Amino acid sequence: MYELNMKSKYENMKIIYNRSKFGWYWAPLFIAFWFLIFYVTVIPSYHSYPDLVTIEQENTQPGRFIGERAESILFRLTKIGPKVVGSAANEQTAVHFLLTEITKVIQESRTDLYDIQQDVQIASGNYVLWTMVNAYQSIQNVVVKLTPRGTNSTAALLINSHYDTVPGSSGAGDAGAMIAIMLETLRVISKYETKLQHSIVFLFNGAEENPMQGSHAFITLHKWARNVKAVINLDSAGSGGREILFQSGPDHPWLMKYYGANIVHPFASTIGEELFQNGFVPSDTDFRIFRDFGKIPGLDMAHTMNGFVYHTKYDRFNLIPRKSYQLTGDNILALTKALCNAPELENPSKYAEGHMVFFDILGWFIVHYTETTGTTVNILICIIAIITILAYIWNMAHQTGMFRRRVFVKFGILLGVQLTAVVLALMLTFTIAIFMDTVGLSMSWYSQTWMVFGLYFCPMFFMMGLLPAIYLSRTKEHGLPLGYAIQLIMHAHCLILTVVCIFMISFNIRSAFALMICIGFYVLSVILNMITCFHKTTFLWLIPHIVCQLMPFLFYSYLCYAFYITFVPMQGRDGANDNPELFIGGFTALVCLVLAPFLVPILCLFRKSKTIISIFGATCLVFIILAATPIGYPYLEHEAPQRFYVAHTTRTFHNPDPAMTVRYGDAGFYVVPVDRHPHTLDDILENLNITKSIKEEVNCENAVMCGYPIYSSRWLGWRGQSFWIDGPAPKADGWPTLRILSKDRISYTNLIISLEIAGPDHMSIFIAPVNDTKLVDWSYDRTPIKDNFKPPYFIYLSYALDPAPFRFHLEFEHDSPDWSGATFDIAVIGHKVHDDISNTDEFRDFLGEFPAWSTVSAWTSSYESWRL
């Protein structure tokens with residue numbers, strides 16, 4: 001009997017300590033399996049669109065959104081061409097087009113059910129946006145209000161998008177498609193009997209690109225604004241596709257309840273919201289204005305497909321996928337109906353209960369819950385994870401016959417190995433990101449997104465797999481059974497992620513849900529293995545593990561795919577100050593940390609595991625070499641162009657004398673590259689015998705804004721990468737004029753100066769006090785003064801219909817009653833952003849020298865400065 005027991009125990013120990021492996025030739029199939037899952041599930045899910053409903057099908061599908069009609073509307077809208085604030089196209093043709101379409105809707109509407117009113121708002125105002133005062137005069141909005149007859153509610157839902165465009169773009173994607181969807185939504189609701197409790201206000205915004213003046217004018221000045229209780233804001237950073245919900249609320253979780261219950265094709269992410277609100281997106285939307293100035297909650301949604309054409313001449317009608325009209329239209333129609341019957345809309349402040357956590361699963365369905373619920377769930381899963389790991393180690397000690405202390409020591413060693421692997425993987429990845437940028441090879445993934453796999457996925461896989469593989473190969477004689485060892489490595493990483501998740505929870509980072517998913521599914525697989533006792537075997541434990549990894553893999557790879565589609569194009573317009581490799585590589589590394597450590601260690605179960613894992617390292621080297629070849633060149637004609645702004649400019653600098661005589665004047669081209677490669681034109685300019693001008697007469701020490709014709713606040717951060725090229729003068733008519741209307745001492749230390757500025761419909765003004773004077777008051781929003789903005793103060797002026805001069809006063813304070821010296825410097829810059837007839841032949845020739853892989857937004861400007 002004793003011998004039998006010993007034999008049985010010996011056989012059990014042989015099974016437990018079995019370190020047999022799969023043949024190396026199965027490893028490629030294992031890796032290919034995950035690629036196959038990605039290509040057959042994630043990509044089709046992301047690009048899943050409903051069939052386009054045609055106009056002919058309307059009779060058989062009454063009340064449906066008709067995507068073909070929205071497409072037709074957009075086609076005719078884009079035929080107008082660029083619609084810049086102040087241009088006839090925007091202020092006359094586009095407004096007439098919208099009023100005509102709205103009239104058609106009213107004629108088809110059920111007037112017995114709905115009262116439809118339309119209004120063309122003409123407004124003037126000013127406010128502070130970012131670091132500038134944004135002042136507008138006579139800009140236009142087209143507004144429609146649909147009110148159900150017989151309702152007692154005074155509340156209204158606002159749906160907003162904009163029809164104006166940036167210079168040179170027809171704005172098919174940004175945001176003509178959303179305008180067309182709004183018109184069709186209005187038509188469907190008004191034509192068919194739809195139960196509504198509240199009114200709907202459709203704001204066809206005529207000045208969003210200026211920026212965001214139309215929304216400010218409506219929410220602060222329009223008669224219908226006081227009844228608006230929530231907003232659906234529609235915008236675009238691309239050319240159609242699926243619209244992502246990337247901002248919700250704030251503090252109004254009931255909005256997500258209706259989104260989740262009624263949206264037909266969900267696409268939403270708290271991660272996108274937190275990235276947007278923390279400045280990782282080089283854009284902003286009208287949602288900010290409604291939130292900050294109107295104090296109303298809402299949902300912010302935007303198209304992001306093909307962001308390479310955003311704000312360029314390539315943003316055309318033919319690039320928008322036909323089915324995207326139907327997808328977004330179905331969503332907006334369903335959401336509008338739901339919110340217009342929401343009792344919460346009557347008094348939303350009663351339901352302001354905190355932030356939401358929300359995300360979709362491959363576009364199949366939406367998950368949403370309150371921030372408090374999210375914190376509770378995250379903490380609970382973290383606790384379960386820690387308990388499960390401890391229970392596993394305790395059980396493993398019993399099964400292997402090892403002392404528990406020894407098992408915990410082994411786990412501590414493996415935890416150290418895994419933590420070291422994580423640190424080394426991150427260091428390697430960020431080293432590659434810095435190296436690629438340092439040697440001038442950044443953004444090789446810009447036009448070839450697949451380059452990200454070799455440059456950043458592969459080094460993470462390599463380092464996170466190699467160190468554990470080396471350790472396991474050197475401890476096989478006196479270490480743990482291979483299956484147990486690999487599981488302990490995964491337990492160690494789960495513990496690391498749990499600690500990180502707790503850290504994120506403590507800082508109220510709602511995106512901690514992304515770690516919760518990873519931890520939760522892994523813990524589930526461990527519990528299943530312990531229940532089935534599969535964890536005792538060499539290979540059977542893989543079955544629950546891989547099954548439980550399928551959903552996290554699909555979720556994270558879907559998240560990655562959506563992230564790259566959205567954020568890779570944005571790196572082409574984010575300026576030269578930040579290294580985009582760190583952003584793209586950093587995100588990739590973070591995703592690898594929640595995904596790779598639960599799959600890569602499995603490669604240690606194959607023979608020649610170190611060789612297999614080393615292939616990832618070799619692949620990374622190959623991709624770095626590819627980045628230095630034409631394959632890795634960032635730009636492609638039409639598809640992924642490099643962006644430039646060019647202003648053909650005349651400059652005049654005045655002396656600080658009563659006659660304001662001219663000190664210096666010149667003309668040329670101001671060139672503004674807007675990505676990490678500001679020097680791509682150097683060789684071209686050298687071949688043309690053109691040099692960047694550096695002058696003693698004009699520099700950042702003696703000229704306001706370095707003498708540059710700054711157009712927007714984003715240009716302020718791009719001054720270091722921009723440059724001046726001497727050239728012929730532009731046409732000299734219609735430039736800004738400055739008049740001093742009065743100059744009055746109101747006390748020994750205070751002086752008020754009244755000014756009048758007239759000029760083109762887009763102007764920039766910079767004011768810099770000198771000689772120890774201080775600006776203490778002026779006609780505009782006082783925020784820059786109250787909040788001590790750093791001079792020079794920036795005022796952006798624009799008008800649409802009324803070209804009357806801008807008049808304003810400045811009050812300065814001086815410690816001494818002696819005002820004999822100058823008080824301030826002022827630079828007035830004019831921009832003819834839509835008047836192509838102002839372009840000279842020399843300017844057109846200069847623009848023609850830009851390479852085919854670039855896209856240029858160009859106009860004529862003037863710069864004139866005085867010391868007064």
# chains A, B, ... in the order shown; residues from 1 in each chain; ligands from 1
>>> residues_around(residues="Trp859 of chain A", least_positions_apart="5", cutoff="9 Å", atoms="only C-alpha atoms", output="ChimeraX atom specification")
/A:167,645-649,831-836,838-839
>>> write_last_selection(atoms="all heavy atoms", output="CSV table (one decimal), in the first residue's frame")
chain,number,residue,atom,x,y,z
A,167,PRO,N,-11.4,79.0,-45.0
A,167,PRO,CA,-11.0,79.5,-46.4
A,167,PRO,C,-10.5,78.4,-47.2
A,167,PRO,O,-9.8,77.5,-46.8
A,167,PRO,CB,-9.9,80.5,-46.1
A,167,PRO,CG,-10.1,81.0,-44.7
A,167,PRO,CD,-10.7,79.8,-44.0
A,645,TYR,N,0.0,77.3,-43.9
A,645,TYR,CA,-0.7,78.5,-44.1
A,645,TYR,C,0.3,79.5,-44.7
A,645,TYR,O,1.5,79.5,-44.3
A,645,TYR,CB,-1.2,79.1,-42.8
A,645,TYR,CG,-2.4,78.3,-42.2
A,645,TYR,CD1,-2.1,77.5,-41.1
A,645,TYR,CD2,-3.7,78.5,-42.7
A,645,TYR,CE1,-3.2,76.8,-40.6
A,645,TYR,CE2,-4.7,77.8,-42.1
A,645,TYR,CZ,-4.5,76.9,-41.0
A,645,TYR,OH,-5.5,76.2,-40.5
A,646,VAL,N,-0.1,80.3,-45.7
A,646,VAL,CA,0.7,81.3,-46.3
A,646,VAL,C,-0.1,82.6,-46.5
A,646,VAL,O,-1.2,82.6,-47.0
A,646,VAL,CB,1.2,80.8,-47.7
A,646,VAL,CG1,2.1,81.9,-48.3
A,646,VAL,CG2,2.0,79.5,-47.6
A,647,ALA,N,0.5,83.6,-45.9
A,647,ALA,CA,-0.1,85.0,-46.0
A,647,ALA,C,0.8,85.9,-46.8
A,647,ALA,O,1.9,86.2,-46.4
A,647,ALA,CB,-0.4,85.5,-44.7
A,648,HIS,N,0.4,86.3,-48.0
A,648,HIS,CA,1.1,87.3,-48.8
A,648,HIS,C,0.9,88.7,-48.1
A,648,HIS,O,-0.3,89.2,-48.0
A,648,HIS,CB,0.6,87.3,-50.2
A,648,HIS,CG,1.4,88.2,-51.1
A,648,HIS,ND1,1.0,88.5,-52.4
A,648,HIS,CD2,2.6,88.8,-50.9
A,648,HIS,CE1,2.0,89.2,-53.0
A,648,HIS,NE2,2.9,89.4,-52.1
A,649,THR,N,1.9,89.3,-47.6
A,649,THR,CA,1.7,90.3,-46.6
A,649,THR,C,2.5,91.6,-46.9
A,649,THR,O,3.7,91.5,-47.4
A,649,THR,CB,2.2,89.9,-45.2
A,649,THR,OG1,1.5,88.6,-44.9
A,649,THR,CG2,1.9,90.9,-44.1
A,831,HIS,N,-6.9,90.6,-42.8
A,831,HIS,CA,-6.8,89.3,-43.5
A,831,HIS,C,-7.9,89.3,-44.6
A,831,HIS,O,-9.1,89.4,-44.3
A,831,HIS,CB,-7.0,88.2,-42.6
A,831,HIS,CG,-6.1,88.2,-41.4
A,831,HIS,ND1,-4.8,87.8,-41.4
A,831,HIS,CD2,-6.4,88.6,-40.1
A,831,HIS,CE1,-4.3,87.9,-40.2
A,831,HIS,NE2,-5.2,88.4,-39.4
A,832,LYS,N,-7.6,89.1,-45.8
A,832,LYS,CA,-8.5,88.9,-46.9
A,832,LYS,C,-8.6,87.4,-47.2
A,832,LYS,O,-8.0,87.0,-48.2
A,832,LYS,CB,-8.2,89.7,-48.1
A,832,LYS,CG,-8.1,91.3,-47.9
A,832,LYS,CD,-7.8,92.0,-49.2
A,832,LYS,CE,-7.8,93.5,-48.9
A,832,LYS,NZ,-7.5,94.3,-50.1
A,833,VAL,N,-9.3,86.7,-46.3
A,833,VAL,CA,-9.3,85.3,-46.4
A,833,VAL,C,-10.2,84.6,-47.4
A,833,VAL,O,-10.0,83.4,-47.7
A,833,VAL,CB,-9.7,84.7,-45.0
A,833,VAL,CG1,-8.6,85.1,-43.9
A,833,VAL,CG2,-11.0,85.2,-44.5
A,834,HIS,N,-11.1,85.4,-48.0
A,834,HIS,CA,-11.9,84.8,-49.0
A,834,HIS,C,-11.9,85.5,-50.3
A,834,HIS,O,-12.7,85.2,-51.3
A,834,HIS,CB,-13.4,84.7,-48.5
A,834,HIS,CG,-14.0,86.0,-48.1
A,834,HIS,ND1,-14.5,86.9,-49.0
A,834,HIS,CD2,-14.1,86.6,-46.8
A,834,HIS,CE1,-14.9,88.0,-48.3
A,834,HIS,NE2,-14.7,87.8,-47.0
A,835,ASP,N,-11.1,86.5,-50.4
A,835,ASP,CA,-11.1,87.4,-51.6
A,835,ASP,C,-9.9,87.0,-52.5
A,835,ASP,O,-8.9,87.6,-52.6
A,835,ASP,CB,-11.0,88.9,-51.2
A,835,ASP,CG,-11.1,89.8,-52.4
A,835,ASP,OD1,-11.5,89.4,-53.5
A,835,ASP,OD2,-10.9,91.0,-52.2
A,836,ASP,N,-10.1,85.9,-53.3
A,836,ASP,CA,-9.0,85.4,-54.1
A,836,ASP,C,-8.6,86.3,-55.2
A,836,ASP,O,-7.5,86.3,-55.7
A,836,ASP,CB,-9.4,84.1,-54.8
A,836,ASP,CG,-9.6,82.9,-53.8
A,836,ASP,OD1,-9.1,83.1,-52.6
A,836,ASP,OD2,-10.2,81.9,-54.1
A,838,SER,N,-7.8,89.2,-54.8
A,838,SER,CA,-6.7,90.0,-54.3
A,838,SER,C,-5.3,89.4,-54.5
A,838,SER,O,-4.3,90.0,-54.4
A,838,SER,CB,-6.9,90.3,-52.8
A,838,SER,OG,-8.1,91.0,-52.6
A,839,ASN,N,-5.3,88.1,-54.9
A,839,ASN,CA,-4.0,87.4,-55.0
A,839,ASN,C,-3.3,87.9,-56.3
A,839,ASN,O,-4.0,87.9,-57.4
A,839,ASN,CB,-4.2,85.9,-55.1
A,839,ASN,CG,-4.7,85.4,-53.8
A,839,ASN,OD1,-4.7,86.0,-52.7
A,839,ASN,ND2,-5.2,84.1,-53.8
>>> residues_around(residues="His677 of chain A", least_positions_apart="5", cutoff="10 Å", atoms="only C-alpha atoms", output="PyMOL selection string")
chain A and resi 437+440-443+572+575-576+634+642+721
>>> residues_around(residues="Trp853 of chain A", least_positions_apart="2", cutoff="9 Å", atoms="only C-alpha atoms", output="VMD selection string")
chain A and resid 635 to 642 850 to 851 855
>>> select_by_dssp(residues="segment 461-631 of chain A", states="alpha helix (DSSP H)", output="count of residues only")
123
>>> residues_around(residues="Ile489 of chain A", least_positions_apart="4", cutoff="8 Å", atoms="only C-alpha atoms", output="list in words")
Phe411, Leu414, Leu415, Gln418, Pro468, Ala485, His493 and Pro601 of chain A
>>> write_last_selection(atoms="all heavy atoms", output="PDB file, in the first residue's frame")
ATOM      1  N   PHE A 411       6.612  34.066  -6.281  1.00  0.00           N
ATOM      2  CA  PHE A 411       5.710  35.064  -6.867  1.00  0.00           C
ATOM      3  C   PHE A 411       6.327  36.455  -6.802  1.00  0.00           C
ATOM      4  O   PHE A 411       6.224  37.240  -7.752  1.00  0.00           O
ATOM      5  CB  PHE A 411       4.364  35.052  -6.142  1.00  0.00           C
ATOM      6  CG  PHE A 411       3.403  36.091  -6.653  1.00  0.00           C
ATOM      7  CD1 PHE A 411       2.802  35.953  -7.893  1.00  0.00           C
ATOM      8  CD2 PHE A 411       3.126  37.223  -5.900  1.00  0.00           C
ATOM      9  CE1 PHE A 411       1.923  36.918  -8.371  1.00  0.00           C
ATOM     10  CE2 PHE A 411       2.254  38.187  -6.365  1.00  0.00           C
ATOM     11  CZ  PHE A 411       1.647  38.031  -7.608  1.00  0.00           C
ATOM     12  N   LEU A 414       8.872  36.687  -9.552  1.00  0.00           N
ATOM     13  CA  LEU A 414       8.219  36.839 -10.858  1.00  0.00           C
ATOM     14  C   LEU A 414       7.558  38.219 -10.983  1.00  0.00           C
ATOM     15  O   LEU A 414       7.510  38.793 -12.071  1.00  0.00           O
ATOM     16  CB  LEU A 414       7.190  35.736 -11.057  1.00  0.00           C
ATOM     17  CG  LEU A 414       7.771  34.337 -11.296  1.00  0.00           C
ATOM     18  CD1 LEU A 414       6.683  33.283 -11.274  1.00  0.00           C
ATOM     19  CD2 LEU A 414       8.524  34.299 -12.626  1.00  0.00           C
ATOM     20  N   LEU A 415       7.047  38.736  -9.870  1.00  0.00           N
ATOM     21  CA  LEU A 415       6.501  40.095  -9.886  1.00  0.00           C
ATOM     22  C   LEU A 415       7.599  41.098 -10.237  1.00  0.00           C
ATOM     23  O   LEU A 415       7.384  42.018 -11.044  1.00  0.00           O
ATOM     24  CB  LEU A 415       5.891  40.433  -8.526  1.00  0.00           C
ATOM     25  CG  LEU A 415       5.332  41.855  -8.361  1.00  0.00           C
ATOM     26  CD1 LEU A 415       4.203  42.121  -9.336  1.00  0.00           C
ATOM     27  CD2 LEU A 415       4.848  42.072  -6.912  1.00  0.00           C
ATOM     28  N   GLN A 418       8.375  40.729 -13.939  1.00  0.00           N
ATOM     29  CA  GLN A 418       7.354  41.339 -14.789  1.00  0.00           C
ATOM     30  C   GLN A 418       7.393  42.862 -14.706  1.00  0.00           C
ATOM     31  O   GLN A 418       7.253  43.551 -15.717  1.00  0.00           O
ATOM     32  CB  GLN A 418       5.966  40.832 -14.388  1.00  0.00           C
ATOM     33  CG  GLN A 418       4.830  41.329 -15.270  1.00  0.00           C
ATOM     34  CD  GLN A 418       4.965  40.885 -16.705  1.00  0.00           C
ATOM     35  OE1 GLN A 418       5.695  39.941 -17.002  1.00  0.00           O
ATOM     36  NE2 GLN A 418       4.276  41.563 -17.609  1.00  0.00           N
ATOM     37  N   PRO A 468      10.741  37.585 -19.308  1.00  0.00           N
ATOM     38  CA  PRO A 468      10.172  36.398 -18.664  1.00  0.00           C
ATOM     39  C   PRO A 468      10.638  35.093 -19.310  1.00  0.00           C
ATOM     40  O   PRO A 468      10.869  34.095 -18.605  1.00  0.00           O
ATOM     41  CB  PRO A 468       8.655  36.589 -18.837  1.00  0.00           C
ATOM     42  CG  PRO A 468       8.483  38.066 -18.960  1.00  0.00           C
ATOM     43  CD  PRO A 468       9.683  38.534 -19.716  1.00  0.00           C
ATOM     44  N   ALA A 485       4.237  28.736 -13.607  1.00  0.00           N
ATOM     45  CA  ALA A 485       5.118  29.903 -13.696  1.00  0.00           C
ATOM     46  C   ALA A 485       4.529  30.960 -14.621  1.00  0.00           C
ATOM     47  O   ALA A 485       4.545  32.163 -14.313  1.00  0.00           O
ATOM     48  CB  ALA A 485       6.502  29.472 -14.172  1.00  0.00           C
ATOM     49  N   HIS A 493       1.271  40.573 -13.386  1.00  0.00           N
ATOM     50  CA  HIS A 493       0.881  41.741 -14.187  1.00  0.00           C
ATOM     51  C   HIS A 493      -0.516  42.213 -13.809  1.00  0.00           C
ATOM     52  O   HIS A 493      -0.777  43.425 -13.771  1.00  0.00           O
ATOM     53  CB  HIS A 493       0.929  41.417 -15.673  1.00  0.00           C
ATOM     54  CG  HIS A 493       0.844  42.646 -16.526  1.00  0.00           C
ATOM     55  ND1 HIS A 493       1.910  43.489 -16.745  1.00  0.00           N
ATOM     56  CD2 HIS A 493      -0.209  43.216 -17.164  1.00  0.00           C
ATOM     57  CE1 HIS A 493       1.540  44.497 -17.492  1.00  0.00           C
ATOM     58  NE2 HIS A 493       0.252  44.362 -17.767  1.00  0.00           N
ATOM     59  N   PRO A 601       3.137  36.022 -22.845  1.00  0.00           N
ATOM     60  CA  PRO A 601       3.781  34.952 -22.082  1.00  0.00           C
ATOM     61  C   PRO A 601       3.418  33.548 -22.546  1.00  0.00           C
ATOM     62  O   PRO A 601       4.161  32.596 -22.288  1.00  0.00           O
ATOM     63  CB  PRO A 601       3.299  35.208 -20.642  1.00  0.00           C
ATOM     64  CG  PRO A 601       3.014  36.671 -20.603  1.00  0.00           C
ATOM     65  CD  PRO A 601       2.453  36.982 -21.954  1.00  0.00           C
TER      66      PRO A 601
END
>>> residues_around(residues="Ile289 of chain A", least_positions_apart="2", cutoff="9 Å", atoms="only C-alpha atoms", output="list in words")
Met212, Gln213, Ser215, His216, Ile219, Thr285, Asp286, Phe287, Arg291, Asp292, Phe293, Gly294 and Lys295 of chain A
>>> write_last_selection(atoms="all heavy atoms", output="compact mmCIF listing (two decimals), in the first residue's frame")
# COMPACT_ATOMS: atom_id res chain seq x y z
N MET A 212 -16.44 80.05 -33.43
CA MET A 212 -17.57 79.81 -32.53
C MET A 212 -18.34 81.07 -32.16
O MET A 212 -18.90 81.18 -31.06
CB MET A 212 -17.09 79.06 -31.28
CG MET A 212 -16.56 77.68 -31.62
SD MET A 212 -15.96 76.74 -30.21
CE MET A 212 -14.35 77.47 -29.97
N GLN A 213 -18.37 82.01 -33.08
CA GLN A 213 -19.10 83.25 -32.80
C GLN A 213 -20.61 83.04 -32.93
O GLN A 213 -21.40 83.63 -32.18
CB GLN A 213 -18.63 84.35 -33.75
CG GLN A 213 -17.18 84.73 -33.57
CD GLN A 213 -16.65 85.63 -34.68
OE1 GLN A 213 -17.29 85.81 -35.72
NE2 GLN A 213 -15.46 86.19 -34.48
N SER A 215 -22.49 80.40 -32.26
CA SER A 215 -23.09 79.78 -31.07
C SER A 215 -23.15 80.76 -29.91
O SER A 215 -24.13 80.77 -29.15
CB SER A 215 -22.31 78.53 -30.68
OG SER A 215 -20.93 78.83 -30.51
N HIS A 216 -22.13 81.60 -29.78
CA HIS A 216 -22.15 82.61 -28.72
C HIS A 216 -23.27 83.61 -28.96
O HIS A 216 -23.99 84.00 -28.01
CB HIS A 216 -20.81 83.33 -28.64
CG HIS A 216 -20.74 84.35 -27.54
ND1 HIS A 216 -21.07 85.67 -27.73
CD2 HIS A 216 -20.40 84.23 -26.22
CE1 HIS A 216 -20.92 86.33 -26.59
NE2 HIS A 216 -20.52 85.48 -25.66
N ILE A 219 -26.69 81.75 -28.06
CA ILE A 219 -26.97 81.38 -26.68
C ILE A 219 -27.01 82.59 -25.75
O ILE A 219 -27.63 82.54 -24.68
CB ILE A 219 -25.95 80.33 -26.18
CG1 ILE A 219 -26.55 79.49 -25.05
CG2 ILE A 219 -24.65 80.99 -25.75
CD1 ILE A 219 -27.74 78.65 -25.47
N THR A 285 -15.17 72.82 -30.11
CA THR A 285 -16.49 72.82 -30.74
C THR A 285 -17.40 73.82 -30.04
O THR A 285 -17.10 74.33 -28.95
CB THR A 285 -17.14 71.42 -30.66
OG1 THR A 285 -17.57 71.16 -29.32
CG2 THR A 285 -16.18 70.33 -31.12
N ASP A 286 -18.56 74.05 -30.65
CA ASP A 286 -19.56 74.95 -30.07
C ASP A 286 -20.07 74.45 -28.73
O ASP A 286 -20.65 75.22 -27.97
CB ASP A 286 -20.75 75.09 -31.03
CG ASP A 286 -20.42 75.97 -32.23
OD1 ASP A 286 -19.76 77.00 -32.04
OD2 ASP A 286 -20.83 75.62 -33.35
N PHE A 287 -19.87 73.18 -28.45
CA PHE A 287 -20.31 72.62 -27.17
C PHE A 287 -19.71 73.42 -26.01
O PHE A 287 -20.38 73.64 -24.99
CB PHE A 287 -19.88 71.16 -27.08
CG PHE A 287 -20.39 70.43 -25.87
CD1 PHE A 287 -21.67 69.90 -25.84
CD2 PHE A 287 -19.59 70.27 -24.75
CE1 PHE A 287 -22.15 69.23 -24.72
CE2 PHE A 287 -20.04 69.60 -23.63
CZ PHE A 287 -21.33 69.08 -23.61
N ARG A 291 -21.97 75.21 -23.12
CA ARG A 291 -21.71 74.80 -21.74
C ARG A 291 -21.28 75.98 -20.87
O ARG A 291 -21.79 76.18 -19.77
CB ARG A 291 -20.62 73.73 -21.74
CG ARG A 291 -20.22 73.21 -20.37
CD ARG A 291 -18.92 72.44 -20.48
NE ARG A 291 -17.80 73.31 -20.86
CZ ARG A 291 -16.66 72.88 -21.38
NH1 ARG A 291 -16.48 71.60 -21.62
NH2 ARG A 291 -15.69 73.74 -21.68
N ASP A 292 -20.32 76.78 -21.37
CA ASP A 292 -19.72 77.83 -20.54
C ASP A 292 -20.57 79.09 -20.48
O ASP A 292 -20.63 79.74 -19.42
CB ASP A 292 -18.33 78.18 -21.07
CG ASP A 292 -17.35 77.02 -20.92
OD1 ASP A 292 -17.71 76.02 -20.27
OD2 ASP A 292 -16.24 77.11 -21.47
N PHE A 293 -21.20 79.47 -21.59
CA PHE A 293 -21.96 80.71 -21.61
C PHE A 293 -23.46 80.50 -21.45
O PHE A 293 -24.15 81.39 -20.96
CB PHE A 293 -21.69 81.47 -22.92
CG PHE A 293 -20.28 81.98 -23.04
CD1 PHE A 293 -19.29 81.22 -23.65
CD2 PHE A 293 -19.93 83.22 -22.53
CE1 PHE A 293 -17.99 81.68 -23.76
CE2 PHE A 293 -18.63 83.70 -22.63
CZ PHE A 293 -17.65 82.92 -23.25
N GLY A 294 -23.95 79.32 -21.86
CA GLY A 294 -25.37 79.05 -21.71
C GLY A 294 -25.69 78.20 -20.49
O GLY A 294 -26.87 78.10 -20.11
N LYS A 295 -24.66 77.59 -19.91
CA LYS A 295 -24.84 76.72 -18.74
C LYS A 295 -25.84 75.61 -19.02
O LYS A 295 -26.64 75.23 -18.16
CB LYS A 295 -25.29 77.53 -17.51
CG LYS A 295 -24.42 78.72 -17.19
CD LYS A 295 -22.98 78.33 -16.93
CE LYS A 295 -22.11 79.54 -16.63
NZ LYS A 295 -20.67 79.21 -16.49
>>> select_by_dssp(residues="segment 301-496 of chain A", states="strand (DSSP E)", output="PyMOL selection string")
chain A and resi 301-303+356-361+365-370
>>> closest_residue(among="A:Ile517, A:Leu129, A:Leu480, A:Ile502", to="Arg406 of chain A", atoms="only C-alpha atoms")
A:Leu480
>>> closest_residue(among="A:Asn306, A:Lys743, A:Leu362, A:Val856", to="Pro321 of chain A", atoms="only C-alpha atoms")
A:Asn306
>>> residues_around(residues="Met451 of chain A", least_positions_apart="6", cutoff="12 Å", atoms="only C-alpha atoms", output="JSON, numbers by chain")
{"A": [441, 442, 443, 444, 445, 457, 458, 564, 568, 581, 584, 585, 588, 619, 620, 621, 622, 623, 624, 625, 626, 627, 628, 631, 632, 633, 634]}
>>> atom_distance(atom1="atom CA of Arg149 of chain A", atom2="atom CA of Tyr114 of chain A")
5.3 Å
>>> closest_residue(among="A:Leu419, A:Ile159, A:Met763, A:Leu255", to="Tyr136 of chain A", atoms="only C-alpha atoms")
A:Met763
>>> atom_distance(atom1="atom CA of Arg405 of chain A", atom2="atom CA of Ala391 of chain A")
13.8 Å
>>> closest_residue(among="A:Pro791, A:Gly173, A:Gly125, A:Gly241", to="Phe218 of chain A", atoms="only C-alpha atoms")
A:Gly125
>>> residues_around(residues="segment 98-100 of chain A", least_positions_apart="2", cutoff="9 Å", atoms="only C-alpha atoms", output="number ranges by chain")
A: 77, 93-96, 102-105, 118, 120, 142, 183, 204
>>> closest_residue(among="A:Ile505, A:Val281, A:Leu497, A:Ala70", to="Thr328 of chain A", atoms="only C-alpha atoms")
A:Ala70
>>> atom_distance(atom1="atom CA of Glu56 of chain A", atom2="atom CA of Asp235 of chain A")
28.8 Å
>>> closest_residue(among="A:Leu472, A:Gln247, A:His198, A:Ile296", to="Ala338 of chain A", atoms="only C-alpha atoms")
A:His198
